[in-house]
file start.cif (mmCIF, N, CA and C atoms and all ligand atoms)
data_coords
#
loop_
_atom_site.label_atom_id
_atom_site.label_comp_id
_atom_site.auth_asym_id
_atom_site.auth_seq_id
_atom_site.Cartn_x
_atom_site.Cartn_y
_atom_site.Cartn_z
N MET A 86 39.25 -7.23 14.28
CA MET A 86 37.89 -7.49 13.77
C MET A 86 36.88 -6.90 14.76
N GLY A 87 35.89 -6.16 14.27
CA GLY A 87 34.87 -5.55 15.14
C GLY A 87 33.95 -6.60 15.72
N ARG A 88 33.18 -6.22 16.71
CA ARG A 88 32.29 -7.16 17.40
C ARG A 88 31.24 -7.74 16.45
N ALA A 89 30.59 -6.86 15.68
CA ALA A 89 29.55 -7.32 14.76
C ALA A 89 30.13 -8.27 13.72
N LYS A 90 31.32 -7.93 13.23
CA LYS A 90 31.94 -8.75 12.19
C LYS A 90 32.31 -10.13 12.74
N SER A 91 32.85 -10.19 13.94
CA SER A 91 33.23 -11.49 14.48
C SER A 91 32.00 -12.29 14.86
N GLN A 92 30.93 -11.62 15.30
CA GLN A 92 29.67 -12.33 15.59
C GLN A 92 29.11 -12.94 14.31
N ALA A 93 29.15 -12.17 13.23
CA ALA A 93 28.62 -12.66 11.95
C ALA A 93 29.41 -13.89 11.49
N SER A 94 30.72 -13.86 11.63
CA SER A 94 31.49 -15.02 11.16
C SER A 94 31.31 -16.21 12.10
N TYR A 95 31.06 -15.94 13.37
CA TYR A 95 30.77 -17.03 14.31
C TYR A 95 29.46 -17.74 13.92
N LEU A 96 28.43 -16.94 13.61
CA LEU A 96 27.14 -17.51 13.19
C LEU A 96 27.30 -18.31 11.90
N GLU A 97 28.12 -17.77 10.99
CA GLU A 97 28.34 -18.44 9.72
C GLU A 97 28.98 -19.82 9.94
N GLN A 98 29.99 -19.87 10.79
CA GLN A 98 30.65 -21.15 11.10
C GLN A 98 29.67 -22.14 11.72
N ALA A 99 28.85 -21.63 12.64
CA ALA A 99 27.90 -22.51 13.32
C ALA A 99 26.89 -23.09 12.33
N LEU A 100 26.42 -22.25 11.41
CA LEU A 100 25.47 -22.73 10.40
C LEU A 100 26.13 -23.76 9.49
N ARG A 101 27.34 -23.44 9.08
CA ARG A 101 28.08 -24.34 8.20
C ARG A 101 28.28 -25.69 8.88
N ALA A 102 28.64 -25.66 10.15
CA ALA A 102 28.85 -26.89 10.92
C ALA A 102 27.57 -27.72 10.99
N ASP A 103 26.44 -27.03 10.87
CA ASP A 103 25.14 -27.69 10.94
C ASP A 103 24.68 -28.14 9.54
N GLY A 104 25.52 -27.94 8.56
CA GLY A 104 25.20 -28.38 7.20
C GLY A 104 24.38 -27.38 6.40
N VAL A 105 24.27 -26.15 6.89
CA VAL A 105 23.53 -25.12 6.15
C VAL A 105 24.49 -24.47 5.15
N ARG A 106 24.06 -24.40 3.90
CA ARG A 106 24.90 -23.80 2.87
C ARG A 106 24.95 -22.28 3.06
N ILE A 107 26.16 -21.73 3.03
CA ILE A 107 26.30 -20.29 3.22
C ILE A 107 26.29 -19.59 1.87
N THR A 108 25.16 -18.97 1.58
CA THR A 108 25.00 -18.26 0.32
C THR A 108 25.26 -16.77 0.56
N ARG A 109 25.32 -16.01 -0.53
CA ARG A 109 25.51 -14.55 -0.40
C ARG A 109 24.37 -13.93 0.41
N GLN A 110 23.15 -14.46 0.16
CA GLN A 110 21.99 -13.94 0.90
C GLN A 110 22.15 -14.18 2.40
N ARG A 111 22.58 -15.40 2.75
CA ARG A 111 22.74 -15.72 4.17
C ARG A 111 23.81 -14.85 4.82
N THR A 112 24.91 -14.64 4.09
CA THR A 112 25.99 -13.79 4.61
C THR A 112 25.45 -12.38 4.89
N ALA A 113 24.62 -11.88 3.98
CA ALA A 113 24.03 -10.54 4.16
C ALA A 113 23.15 -10.51 5.40
N LEU A 114 22.35 -11.54 5.59
CA LEU A 114 21.45 -11.58 6.74
C LEU A 114 22.24 -11.64 8.06
N LEU A 115 23.29 -12.43 8.08
CA LEU A 115 24.09 -12.55 9.30
C LEU A 115 24.74 -11.22 9.66
N LYS A 116 25.18 -10.50 8.63
CA LYS A 116 25.78 -9.19 8.86
C LYS A 116 24.76 -8.23 9.49
N VAL A 117 23.56 -8.25 8.91
CA VAL A 117 22.49 -7.38 9.40
C VAL A 117 22.10 -7.74 10.84
N LEU A 118 22.02 -9.03 11.10
CA LEU A 118 21.68 -9.50 12.45
C LEU A 118 22.73 -9.06 13.47
N ALA A 119 23.99 -9.23 13.09
CA ALA A 119 25.08 -8.91 14.00
C ALA A 119 25.15 -7.41 14.28
N GLU A 120 24.72 -6.60 13.30
CA GLU A 120 24.80 -5.14 13.47
C GLU A 120 23.57 -4.56 14.17
N ALA A 121 22.47 -5.34 14.21
CA ALA A 121 21.23 -4.80 14.77
C ALA A 121 21.32 -4.63 16.28
N LYS A 122 20.87 -3.51 16.77
CA LYS A 122 20.84 -3.30 18.21
C LYS A 122 19.41 -3.09 18.69
N ASP A 123 18.45 -3.22 17.76
CA ASP A 123 17.08 -2.80 18.08
C ASP A 123 16.05 -3.93 18.04
N HIS A 124 16.47 -5.20 18.10
CA HIS A 124 15.52 -6.31 18.10
C HIS A 124 14.56 -6.25 16.92
N PRO A 125 15.06 -6.26 15.69
CA PRO A 125 14.18 -6.15 14.51
C PRO A 125 13.32 -7.40 14.29
N ASP A 126 12.20 -7.23 13.62
CA ASP A 126 11.38 -8.39 13.24
C ASP A 126 11.87 -8.90 11.87
N ALA A 127 11.25 -9.99 11.40
CA ALA A 127 11.74 -10.62 10.16
C ALA A 127 11.62 -9.68 8.96
N ASN A 128 10.53 -8.91 8.89
CA ASN A 128 10.37 -7.98 7.78
C ASN A 128 11.45 -6.92 7.75
N GLU A 129 11.76 -6.42 8.94
CA GLU A 129 12.80 -5.39 9.05
C GLU A 129 14.17 -5.98 8.66
N LEU A 130 14.45 -7.19 9.13
CA LEU A 130 15.71 -7.86 8.76
C LEU A 130 15.78 -8.07 7.26
N HIS A 131 14.62 -8.45 6.69
CA HIS A 131 14.55 -8.66 5.25
C HIS A 131 14.89 -7.38 4.50
N SER A 132 14.28 -6.27 4.89
CA SER A 132 14.54 -5.04 4.12
C SER A 132 15.98 -4.55 4.31
N ARG A 133 16.54 -4.76 5.51
CA ARG A 133 17.95 -4.36 5.69
C ARG A 133 18.89 -5.25 4.87
N ALA A 134 18.59 -6.55 4.86
CA ALA A 134 19.46 -7.47 4.12
C ALA A 134 19.37 -7.22 2.62
N ARG A 135 18.20 -6.78 2.17
CA ARG A 135 18.01 -6.48 0.74
C ARG A 135 18.85 -5.30 0.27
N GLU A 136 19.19 -4.43 1.21
CA GLU A 136 20.06 -3.30 0.83
C GLU A 136 21.45 -3.81 0.48
N ILE A 137 21.83 -4.94 1.06
CA ILE A 137 23.13 -5.54 0.75
C ILE A 137 22.99 -6.47 -0.45
N ASP A 138 21.95 -7.28 -0.42
CA ASP A 138 21.72 -8.24 -1.50
C ASP A 138 20.24 -8.22 -1.90
N PRO A 139 19.94 -7.51 -3.00
CA PRO A 139 18.53 -7.33 -3.41
C PRO A 139 17.81 -8.63 -3.77
N THR A 140 18.55 -9.74 -3.92
CA THR A 140 17.88 -11.00 -4.27
C THR A 140 17.36 -11.74 -3.03
N MET A 141 17.61 -11.18 -1.85
CA MET A 141 17.19 -11.82 -0.60
C MET A 141 15.67 -11.98 -0.53
N SER A 142 15.21 -13.19 -0.23
CA SER A 142 13.77 -13.40 -0.09
C SER A 142 13.40 -13.53 1.39
N LEU A 143 12.13 -13.24 1.67
CA LEU A 143 11.65 -13.34 3.05
C LEU A 143 11.71 -14.79 3.52
N ALA A 144 11.50 -15.73 2.59
CA ALA A 144 11.56 -17.16 2.94
C ALA A 144 12.96 -17.54 3.44
N THR A 145 13.98 -17.00 2.79
CA THR A 145 15.36 -17.28 3.23
C THR A 145 15.61 -16.70 4.62
N VAL A 146 15.05 -15.51 4.85
CA VAL A 146 15.18 -14.89 6.17
C VAL A 146 14.58 -15.82 7.22
N TYR A 147 13.37 -16.29 6.99
CA TYR A 147 12.71 -17.16 7.96
C TYR A 147 13.46 -18.48 8.17
N ARG A 148 13.88 -19.08 7.05
CA ARG A 148 14.60 -20.36 7.16
C ARG A 148 15.89 -20.21 7.95
N THR A 149 16.63 -19.13 7.67
CA THR A 149 17.91 -18.92 8.34
C THR A 149 17.70 -18.62 9.82
N LEU A 150 16.68 -17.82 10.12
CA LEU A 150 16.39 -17.49 11.52
C LEU A 150 16.00 -18.76 12.29
N THR A 151 15.22 -19.62 11.66
CA THR A 151 14.81 -20.87 12.30
C THR A 151 16.03 -21.74 12.60
N ALA A 152 16.94 -21.84 11.62
CA ALA A 152 18.16 -22.64 11.82
C ALA A 152 18.99 -22.07 12.97
N LEU A 153 19.12 -20.76 13.02
CA LEU A 153 19.91 -20.11 14.07
C LEU A 153 19.25 -20.28 15.44
N GLU A 154 17.92 -20.21 15.43
CA GLU A 154 17.17 -20.35 16.68
C GLU A 154 17.31 -21.76 17.23
N GLN A 155 17.23 -22.75 16.34
CA GLN A 155 17.34 -24.14 16.77
C GLN A 155 18.70 -24.43 17.39
N GLN A 156 19.71 -23.69 16.96
CA GLN A 156 21.05 -23.88 17.54
C GLN A 156 21.26 -23.01 18.77
N GLY A 157 20.23 -22.27 19.14
CA GLY A 157 20.35 -21.41 20.32
C GLY A 157 21.22 -20.19 20.10
N LEU A 158 21.43 -19.82 18.83
CA LEU A 158 22.30 -18.69 18.53
C LEU A 158 21.54 -17.39 18.41
N VAL A 159 20.24 -17.52 18.20
CA VAL A 159 19.39 -16.34 18.08
C VAL A 159 18.19 -16.52 19.01
N HIS A 160 17.81 -15.46 19.66
CA HIS A 160 16.60 -15.50 20.49
C HIS A 160 15.45 -14.89 19.72
N ARG A 161 14.31 -15.57 19.80
CA ARG A 161 13.08 -15.05 19.21
C ARG A 161 12.23 -14.54 20.37
N HIS A 162 11.84 -13.30 20.31
CA HIS A 162 10.98 -12.75 21.35
C HIS A 162 9.60 -12.53 20.77
N VAL A 163 8.60 -13.08 21.44
CA VAL A 163 7.24 -12.82 21.00
C VAL A 163 6.61 -11.88 22.02
N PHE A 164 6.77 -10.60 21.78
CA PHE A 164 6.17 -9.61 22.67
C PHE A 164 4.71 -9.43 22.28
N GLU A 165 3.89 -9.16 23.28
CA GLU A 165 2.45 -8.99 23.02
C GLU A 165 2.19 -7.90 21.99
N GLY A 166 1.25 -8.16 21.10
CA GLY A 166 0.81 -7.14 20.14
C GLY A 166 1.85 -6.76 19.11
N ALA A 167 2.83 -7.63 18.88
CA ALA A 167 3.85 -7.31 17.89
C ALA A 167 4.31 -8.59 17.21
N SER A 168 4.94 -8.43 16.04
CA SER A 168 5.50 -9.62 15.38
C SER A 168 6.77 -10.04 16.12
N ALA A 169 7.19 -11.28 15.93
CA ALA A 169 8.36 -11.79 16.64
C ALA A 169 9.59 -10.95 16.32
N ARG A 170 10.37 -10.69 17.34
CA ARG A 170 11.60 -9.90 17.19
C ARG A 170 12.79 -10.82 17.42
N PHE A 171 13.90 -10.48 16.80
CA PHE A 171 15.08 -11.35 16.89
C PHE A 171 16.29 -10.61 17.39
N GLU A 172 17.12 -11.34 18.13
CA GLU A 172 18.43 -10.80 18.50
C GLU A 172 19.39 -11.95 18.68
N ILE A 173 20.66 -11.66 18.47
CA ILE A 173 21.69 -12.67 18.65
C ILE A 173 21.75 -13.04 20.13
N ALA A 174 21.81 -14.34 20.40
CA ALA A 174 21.88 -14.79 21.78
C ALA A 174 23.18 -14.28 22.38
N ASP A 175 23.04 -13.52 23.43
CA ASP A 175 24.19 -12.91 24.07
C ASP A 175 24.48 -13.67 25.35
N ALA A 176 25.74 -13.79 25.69
CA ALA A 176 26.10 -14.47 26.94
C ALA A 176 25.51 -13.72 28.13
N ARG A 177 25.36 -12.42 27.96
CA ARG A 177 24.90 -11.60 29.08
C ARG A 177 23.39 -11.53 29.12
N HIS A 178 22.83 -12.03 30.22
CA HIS A 178 21.38 -12.02 30.37
C HIS A 178 20.85 -10.60 30.52
N HIS A 179 19.73 -10.34 29.89
CA HIS A 179 19.07 -9.06 30.10
C HIS A 179 17.57 -9.23 29.92
N ASP A 180 16.81 -8.28 30.39
CA ASP A 180 15.36 -8.29 30.21
C ASP A 180 14.96 -7.09 29.37
N HIS A 181 13.67 -7.01 29.06
CA HIS A 181 13.23 -5.99 28.11
C HIS A 181 12.09 -5.11 28.60
N ILE A 182 12.18 -3.86 28.23
CA ILE A 182 11.07 -2.93 28.37
C ILE A 182 10.51 -2.75 26.96
N ILE A 183 9.19 -2.87 26.82
CA ILE A 183 8.57 -2.68 25.52
C ILE A 183 7.77 -1.37 25.57
N ASP A 184 8.16 -0.44 24.74
CA ASP A 184 7.44 0.83 24.65
C ASP A 184 6.21 0.58 23.77
N ILE A 185 5.03 0.55 24.41
CA ILE A 185 3.84 0.13 23.68
C ILE A 185 3.35 1.17 22.67
N ASP A 186 3.81 2.39 22.80
CA ASP A 186 3.41 3.40 21.82
C ASP A 186 4.32 3.39 20.61
N LYS A 187 5.61 3.34 20.85
CA LYS A 187 6.57 3.41 19.74
C LYS A 187 7.00 2.04 19.24
N GLY A 188 6.75 1.00 20.05
CA GLY A 188 7.19 -0.34 19.66
C GLY A 188 8.68 -0.54 19.85
N GLU A 189 9.33 0.39 20.54
CA GLU A 189 10.77 0.25 20.79
C GLU A 189 11.04 -0.73 21.91
N ILE A 190 12.17 -1.41 21.82
CA ILE A 190 12.57 -2.36 22.84
C ILE A 190 13.80 -1.81 23.55
N ILE A 191 13.72 -1.75 24.87
CA ILE A 191 14.84 -1.25 25.66
C ILE A 191 15.35 -2.38 26.54
N GLU A 192 16.65 -2.58 26.57
CA GLU A 192 17.22 -3.65 27.40
C GLU A 192 17.59 -3.12 28.77
N PHE A 193 17.41 -3.94 29.78
CA PHE A 193 17.90 -3.56 31.10
C PHE A 193 18.41 -4.78 31.86
N ARG A 194 19.26 -4.52 32.83
CA ARG A 194 19.77 -5.57 33.72
C ARG A 194 19.56 -5.10 35.14
N SER A 195 19.04 -5.99 35.98
CA SER A 195 18.84 -5.62 37.37
C SER A 195 19.24 -6.75 38.31
N PRO A 196 20.39 -6.62 38.96
CA PRO A 196 20.83 -7.65 39.91
C PRO A 196 19.82 -7.84 41.04
N GLU A 197 19.13 -6.76 41.44
CA GLU A 197 18.14 -6.87 42.52
C GLU A 197 16.99 -7.79 42.09
N ILE A 198 16.49 -7.57 40.86
CA ILE A 198 15.38 -8.40 40.37
C ILE A 198 15.85 -9.84 40.20
N GLU A 199 17.05 -10.04 39.68
CA GLU A 199 17.57 -11.40 39.51
C GLU A 199 17.58 -12.12 40.86
N ARG A 200 18.10 -11.43 41.88
CA ARG A 200 18.16 -12.03 43.23
C ARG A 200 16.78 -12.34 43.77
N LEU A 201 15.89 -11.39 43.63
CA LEU A 201 14.52 -11.54 44.13
C LEU A 201 13.84 -12.75 43.47
N GLN A 202 14.03 -12.90 42.18
CA GLN A 202 13.42 -14.03 41.47
C GLN A 202 13.95 -15.36 42.00
N GLU A 203 15.27 -15.38 42.26
CA GLU A 203 15.87 -16.60 42.81
C GLU A 203 15.28 -16.93 44.18
N GLN A 204 15.11 -15.88 44.98
CA GLN A 204 14.53 -16.09 46.32
C GLN A 204 13.11 -16.62 46.23
N ILE A 205 12.33 -16.08 45.31
CA ILE A 205 10.94 -16.52 45.15
C ILE A 205 10.89 -17.98 44.71
N ALA A 206 11.71 -18.34 43.74
CA ALA A 206 11.75 -19.73 43.27
C ALA A 206 12.18 -20.65 44.41
N GLU A 207 13.20 -20.24 45.13
CA GLU A 207 13.75 -20.98 46.28
C GLU A 207 12.66 -21.25 47.32
N ARG A 208 11.91 -20.20 47.61
CA ARG A 208 10.83 -20.30 48.60
C ARG A 208 9.80 -21.36 48.19
N HIS A 209 9.66 -21.57 46.88
CA HIS A 209 8.73 -22.57 46.38
C HIS A 209 9.42 -23.90 46.11
N GLY A 210 10.67 -23.99 46.50
CA GLY A 210 11.41 -25.23 46.33
C GLY A 210 11.94 -25.45 44.93
N TYR A 211 12.13 -24.34 44.20
CA TYR A 211 12.62 -24.46 42.82
C TYR A 211 13.93 -23.71 42.63
N GLU A 212 14.62 -24.10 41.56
CA GLU A 212 15.71 -23.24 41.10
C GLU A 212 15.38 -22.82 39.68
N ILE A 213 15.74 -21.59 39.36
CA ILE A 213 15.38 -21.03 38.05
C ILE A 213 16.27 -21.62 36.95
N VAL A 214 15.63 -22.08 35.89
CA VAL A 214 16.38 -22.58 34.74
C VAL A 214 16.57 -21.43 33.75
N SER A 215 15.50 -20.70 33.53
CA SER A 215 15.59 -19.49 32.71
C SER A 215 14.39 -18.63 33.03
N HIS A 216 14.45 -17.40 32.63
CA HIS A 216 13.27 -16.55 32.82
C HIS A 216 13.28 -15.44 31.78
N LYS A 217 12.11 -14.87 31.60
CA LYS A 217 11.96 -13.72 30.73
C LYS A 217 11.11 -12.71 31.46
N LEU A 218 11.57 -11.51 31.51
CA LEU A 218 10.79 -10.47 32.15
C LEU A 218 10.54 -9.38 31.11
N GLU A 219 9.26 -9.08 30.91
CA GLU A 219 8.88 -8.07 29.92
C GLU A 219 8.04 -7.01 30.59
N LEU A 220 8.49 -5.78 30.50
CA LEU A 220 7.72 -4.68 31.08
C LEU A 220 7.10 -3.88 29.93
N TYR A 221 5.77 -3.87 29.89
CA TYR A 221 5.07 -3.12 28.85
C TYR A 221 4.83 -1.72 29.37
N CYS A 222 5.42 -0.75 28.72
CA CYS A 222 5.48 0.60 29.28
C CYS A 222 5.02 1.68 28.32
N ARG A 223 4.65 2.76 28.96
CA ARG A 223 4.33 3.97 28.21
C ARG A 223 5.20 5.07 28.81
N LYS A 224 5.82 5.84 27.95
CA LYS A 224 6.68 6.93 28.40
C LYS A 224 5.87 7.90 29.24
N LYS A 225 6.42 8.29 30.39
CA LYS A 225 5.73 9.25 31.26
C LYS A 225 5.73 10.62 30.62
N ALA A 226 4.62 11.33 30.80
CA ALA A 226 4.55 12.69 30.29
C ALA A 226 5.50 13.55 31.10
N THR A 227 6.22 14.42 30.41
CA THR A 227 7.17 15.28 31.15
C THR A 227 6.65 16.70 31.28
ZN ZN B 1 17.51 -7.90 24.05
#
call {"tool": "encode", "arguments": {"input": "start.cif", "output": "structure tokens"}}
result
Amino acid sequence: MGRAKSQASYLEQALRADGVRITRQRTALLKVLAEAKDHPDANELHSRAREIDPTMSLATVYRTLTALEQQGLVHRHVFEGASARFEIADARHHDHIIDIDKGEIIEFRSPEIERLQEQIAERHGYEIVSHKLELYCRKKAT
């Protein structure tokens, strides 16, 4: 089973365990979510899911995303100047670069930054519970 496929069935089981009815529309949305690599917003998820199931409504997209978010299975990112973007909660922590011209989201991981943040929190007598780092960027002219 591929990664996207097993992620989709994992989300389906989690929703079912939470008492959410798994409809054809929901199955389509989970598939689209699992396959997305670009942090799509709800409208984008809606249009992709409609290609699989044309009866999909935007309301179902929102309700399902809310249920997944409440279970911590999906992360909602509210980047400045954009609609909320969604991605499956991944075990691997990463931060984001937001291309302010194209609206593209780029993921990065930096052990140096992670360490530095811990040191800063430590210096203030804290330990980090979670953090989000967002770099708003413009592509350099070449
Ligand atoms: Zn991400």
call {"tool": "select_by_dssp", "arguments": {"input": "start.cif", "residues": "range 113-176 of chain A", "states": "strand (DSSP E or B)", "output": "ChimeraX atom specification"}}
result
/A:126,159-162,170-173
call {"tool": "residues_near_ligand", "arguments": {"input": "start.cif", "ligand": "ligand ZN 1 (chain B)", "cutoff": "6.5 Å", "atoms": "all atoms listed in the file", "output": "PyMOL selection string"}}
result
chain A and resi 124+172+179-181+191-192
call {"tool": "atom_distance", "arguments": {"input": "start.cif", "atom1": "CA of Gly188 in chain A", "atom2": "atom N of Thr149 in chain A"}}
result
24.2 Å
call {"tool": "residues_around", "arguments": {"input": "start.cif", "residues": "range 135-142 of chain A", "least_positions_apart": "5", "cutoff": "7 Å", "atoms": "only N, CA and C atoms", "output": "number ranges by chain"}}
result
A: 109-110, 113, 130, 147
call {"tool": "residues_near_point", "arguments": {"input": "start.cif", "point": "(19.3, -21.9, 18.8)", "cutoff": "12 Å", "atoms": "only C-alpha atoms", "output": "PyMOL selection string"}}
result
chain A and resi 96+99-100+103+149-161+171-175
call {"tool": "atom_distance", "arguments": {"input": "start.cif", "atom1": "CA of Gln202 in chain A", "atom2": "CA of Arg177 in chain A"}}
result
17.1 Å
call {"tool": "closest_residue", "arguments": {"input": "start.cif", "among": "A:Leu201, A:Pro125, A:Pro196, A:Ser132", "to": "Arg170 in chain A", "atoms": "all atoms listed in the file"}}
result
A:Pro125
call {"tool": "closest_residue", "arguments": {"input": "start.cif", "among": "A:Ala127, A:Lys217, A:Asp186, A:Ala226", "to": "Ser168 in chain A", "atoms": "all atoms listed in the file"}}
result
A:Ala127
call {"tool": "select_by_dssp", "arguments": {"input": "start.cif", "residues": "chain A", "states": "alpha helix (DSSP H)", "output": "JSON, numbers by chain"}}
result
{"A": [88, 89, 90, 91, 92, 93, 94, 95, 96, 97, 98, 99, 100, 101, 102, 109, 110, 111, 112, 113, 114, 115, 116, 117, 118, 119, 120, 127, 128, 129, 130, 131, 132, 133, 134, 135, 136, 137, 143, 144, 145, 146, 147, 148, 149, 150, 151, 152, 153, 154, 155, 196, 197, 198, 199, 200, 201, 202, 203, 204, 205, 206, 207, 208]}
call {"tool": "atom_distance", "arguments": {"input": "start.cif", "atom1": "atom C of Arg88 in chain A", "atom2": "atom C of Leu115 in chain A"}}
result
10.0 Å
call {"tool": "closest_residue", "arguments": {"input": "start.cif", "among": "A:Ile190, A:Leu114, A:Ala169, A:Val163", "to": "Asn128 in chain A", "atoms": "only N, CA and C atoms"}}
result
A:Ala169
call {"tool": "closest_residue", "arguments": {"input": "start.cif", "among": "A:Arg208, A:Arg194, A:Arg106, A:Lys90", "to": "Arg148 in chain A", "atoms": "only C-alpha atoms"}}
result
A:Arg106
call {"tool": "closest_residue", "arguments": {"input": "start.cif", "among": "A:Ala89, A:Lys224, A:Glu189, A:Ser94", "to": "Ala119 in chain A", "atoms": "all atoms listed in the file"}}
result
A:Ala89
call {"tool": "axis_aligned_box", "arguments": {"input": "start.cif", "around": "range 139-155 of chain A", "padding_each_side": "6 Å", "output": "AutoDock Vina command-line options"}}
result
--center_x 15.7 --center_y -15.9 --center_z 6.6 --size_x 20.4 --size_y 29.1 --size_z 33.7
call {"tool": "closest_residue", "arguments": {"input": "start.cif", "among": "A:His209, A:Arg111, A:Arg200, A:Lys187", "to": "Cys222 in chain A", "atoms": "all atoms listed in the file"}}
result
A:Lys187
call {"tool": "build_atoms", "arguments": {"input": "start.cif", "residues": "range 210-217 of chain A", "atoms": "all heavy atoms", "output": "PDB file, in the frame of the given file"}}
result
ATOM      1  N   GLY A 210      10.670 -23.990  46.500  1.00  0.00           N
ATOM      2  CA  GLY A 210      11.410 -25.230  46.330  1.00  0.00           C
ATOM      3  C   GLY A 210      11.940 -25.450  44.930  1.00  0.00           C
ATOM      4  O   GLY A 210      12.178 -26.586  44.506  1.00  0.00           O
ATOM      5  N   TYR A 211      12.130 -24.340  44.200  1.00  0.00           N
ATOM      6  CA  TYR A 211      12.620 -24.460  42.820  1.00  0.00           C
ATOM      7  C   TYR A 211      13.930 -23.710  42.630  1.00  0.00           C
ATOM      8  O   TYR A 211      14.269 -22.821  43.408  1.00  0.00           O
ATOM      9  CB  TYR A 211      11.592 -23.870  41.847  1.00  0.00           C
ATOM     10  CG  TYR A 211      10.393 -24.763  41.629  1.00  0.00           C
ATOM     11  CD1 TYR A 211       9.222 -24.579  42.354  1.00  0.00           C
ATOM     12  CD2 TYR A 211      10.448 -25.792  40.694  1.00  0.00           C
ATOM     13  CE1 TYR A 211       8.122 -25.398  42.165  1.00  0.00           C
ATOM     14  CE2 TYR A 211       9.358 -26.623  40.490  1.00  0.00           C
ATOM     15  CZ  TYR A 211       8.200 -26.418  41.231  1.00  0.00           C
ATOM     16  OH  TYR A 211       7.130 -27.240  41.026  1.00  0.00           O
ATOM     17  N   GLU A 212      14.620 -24.100  41.560  1.00  0.00           N
ATOM     18  CA  GLU A 212      15.710 -23.240  41.100  1.00  0.00           C
ATOM     19  C   GLU A 212      15.380 -22.820  39.680  1.00  0.00           C
ATOM     20  O   GLU A 212      14.806 -23.584  38.902  1.00  0.00           O
ATOM     21  CB  GLU A 212      17.070 -23.943  41.194  1.00  0.00           C
ATOM     22  CG  GLU A 212      17.197 -25.196  40.361  1.00  0.00           C
ATOM     23  CD  GLU A 212      18.579 -25.830  40.489  1.00  0.00           C
ATOM     24  OE1 GLU A 212      19.485 -25.179  41.024  1.00  0.00           O
ATOM     25  OE2 GLU A 212      18.725 -26.972  40.043  1.00  0.00           O
ATOM     26  N   ILE A 213      15.740 -21.590  39.360  1.00  0.00           N
ATOM     27  CA  ILE A 213      15.380 -21.030  38.050  1.00  0.00           C
ATOM     28  C   ILE A 213      16.270 -21.620  36.950  1.00  0.00           C
ATOM     29  O   ILE A 213      17.482 -21.675  37.097  1.00  0.00           O
ATOM     30  CB  ILE A 213      15.514 -19.494  38.068  1.00  0.00           C
ATOM     31  CG1 ILE A 213      14.542 -18.892  39.105  1.00  0.00           C
ATOM     32  CG2 ILE A 213      15.260 -18.909  36.676  1.00  0.00           C
ATOM     33  CD1 ILE A 213      14.677 -17.389  39.274  1.00  0.00           C
ATOM     34  N   VAL A 214      15.630 -22.080  35.890  1.00  0.00           N
ATOM     35  CA  VAL A 214      16.380 -22.580  34.740  1.00  0.00           C
ATOM     36  C   VAL A 214      16.570 -21.430  33.750  1.00  0.00           C
ATOM     37  O   VAL A 214      17.634 -21.213  33.204  1.00  0.00           O
ATOM     38  CB  VAL A 214      15.639 -23.763  34.086  1.00  0.00           C
ATOM     39  CG1 VAL A 214      16.367 -24.237  32.841  1.00  0.00           C
ATOM     40  CG2 VAL A 214      15.488 -24.908  35.083  1.00  0.00           C
ATOM     41  N   SER A 215      15.500 -20.700  33.530  1.00  0.00           N
ATOM     42  CA  SER A 215      15.590 -19.490  32.710  1.00  0.00           C
ATOM     43  C   SER A 215      14.390 -18.630  33.030  1.00  0.00           C
ATOM     44  O   SER A 215      13.449 -19.098  33.651  1.00  0.00           O
ATOM     45  CB  SER A 215      15.589 -19.849  31.217  1.00  0.00           C
ATOM     46  OG  SER A 215      14.300 -20.268  30.830  1.00  0.00           O
ATOM     47  N   HIS A 216      14.450 -17.400  32.630  1.00  0.00           N
ATOM     48  CA  HIS A 216      13.270 -16.550  32.820  1.00  0.00           C
ATOM     49  C   HIS A 216      13.280 -15.440  31.780  1.00  0.00           C
ATOM     50  O   HIS A 216      14.300 -15.143  31.170  1.00  0.00           O
ATOM     51  CB  HIS A 216      13.241 -15.951  34.226  1.00  0.00           C
ATOM     52  CG  HIS A 216      14.124 -14.759  34.377  1.00  0.00           C
ATOM     53  ND1 HIS A 216      15.387 -14.820  34.874  1.00  0.00           N
ATOM     54  CD2 HIS A 216      13.913 -13.459  34.055  1.00  0.00           C
ATOM     55  CE1 HIS A 216      15.933 -13.614  34.873  1.00  0.00           C
ATOM     56  NE2 HIS A 216      15.063 -12.769  34.368  1.00  0.00           N
ATOM     57  N   LYS A 217      12.110 -14.870  31.600  1.00  0.00           N
ATOM     58  CA  LYS A 217      11.960 -13.720  30.730  1.00  0.00           C
ATOM     59  C   LYS A 217      11.110 -12.710  31.460  1.00  0.00           C
ATOM     60  O   LYS A 217      10.059 -13.064  31.985  1.00  0.00           O
ATOM     61  CB  LYS A 217      11.205 -14.121  29.450  1.00  0.00           C
ATOM     62  CG  LYS A 217      12.095 -14.633  28.364  1.00  0.00           C
ATOM     63  CD  LYS A 217      11.278 -14.863  27.113  1.00  0.00           C
ATOM     64  CE  LYS A 217      12.161 -15.475  26.044  1.00  0.00           C
ATOM     65  NZ  LYS A 217      11.404 -15.715  24.817  1.00  0.00           N
TER      66      LYS A 217
END
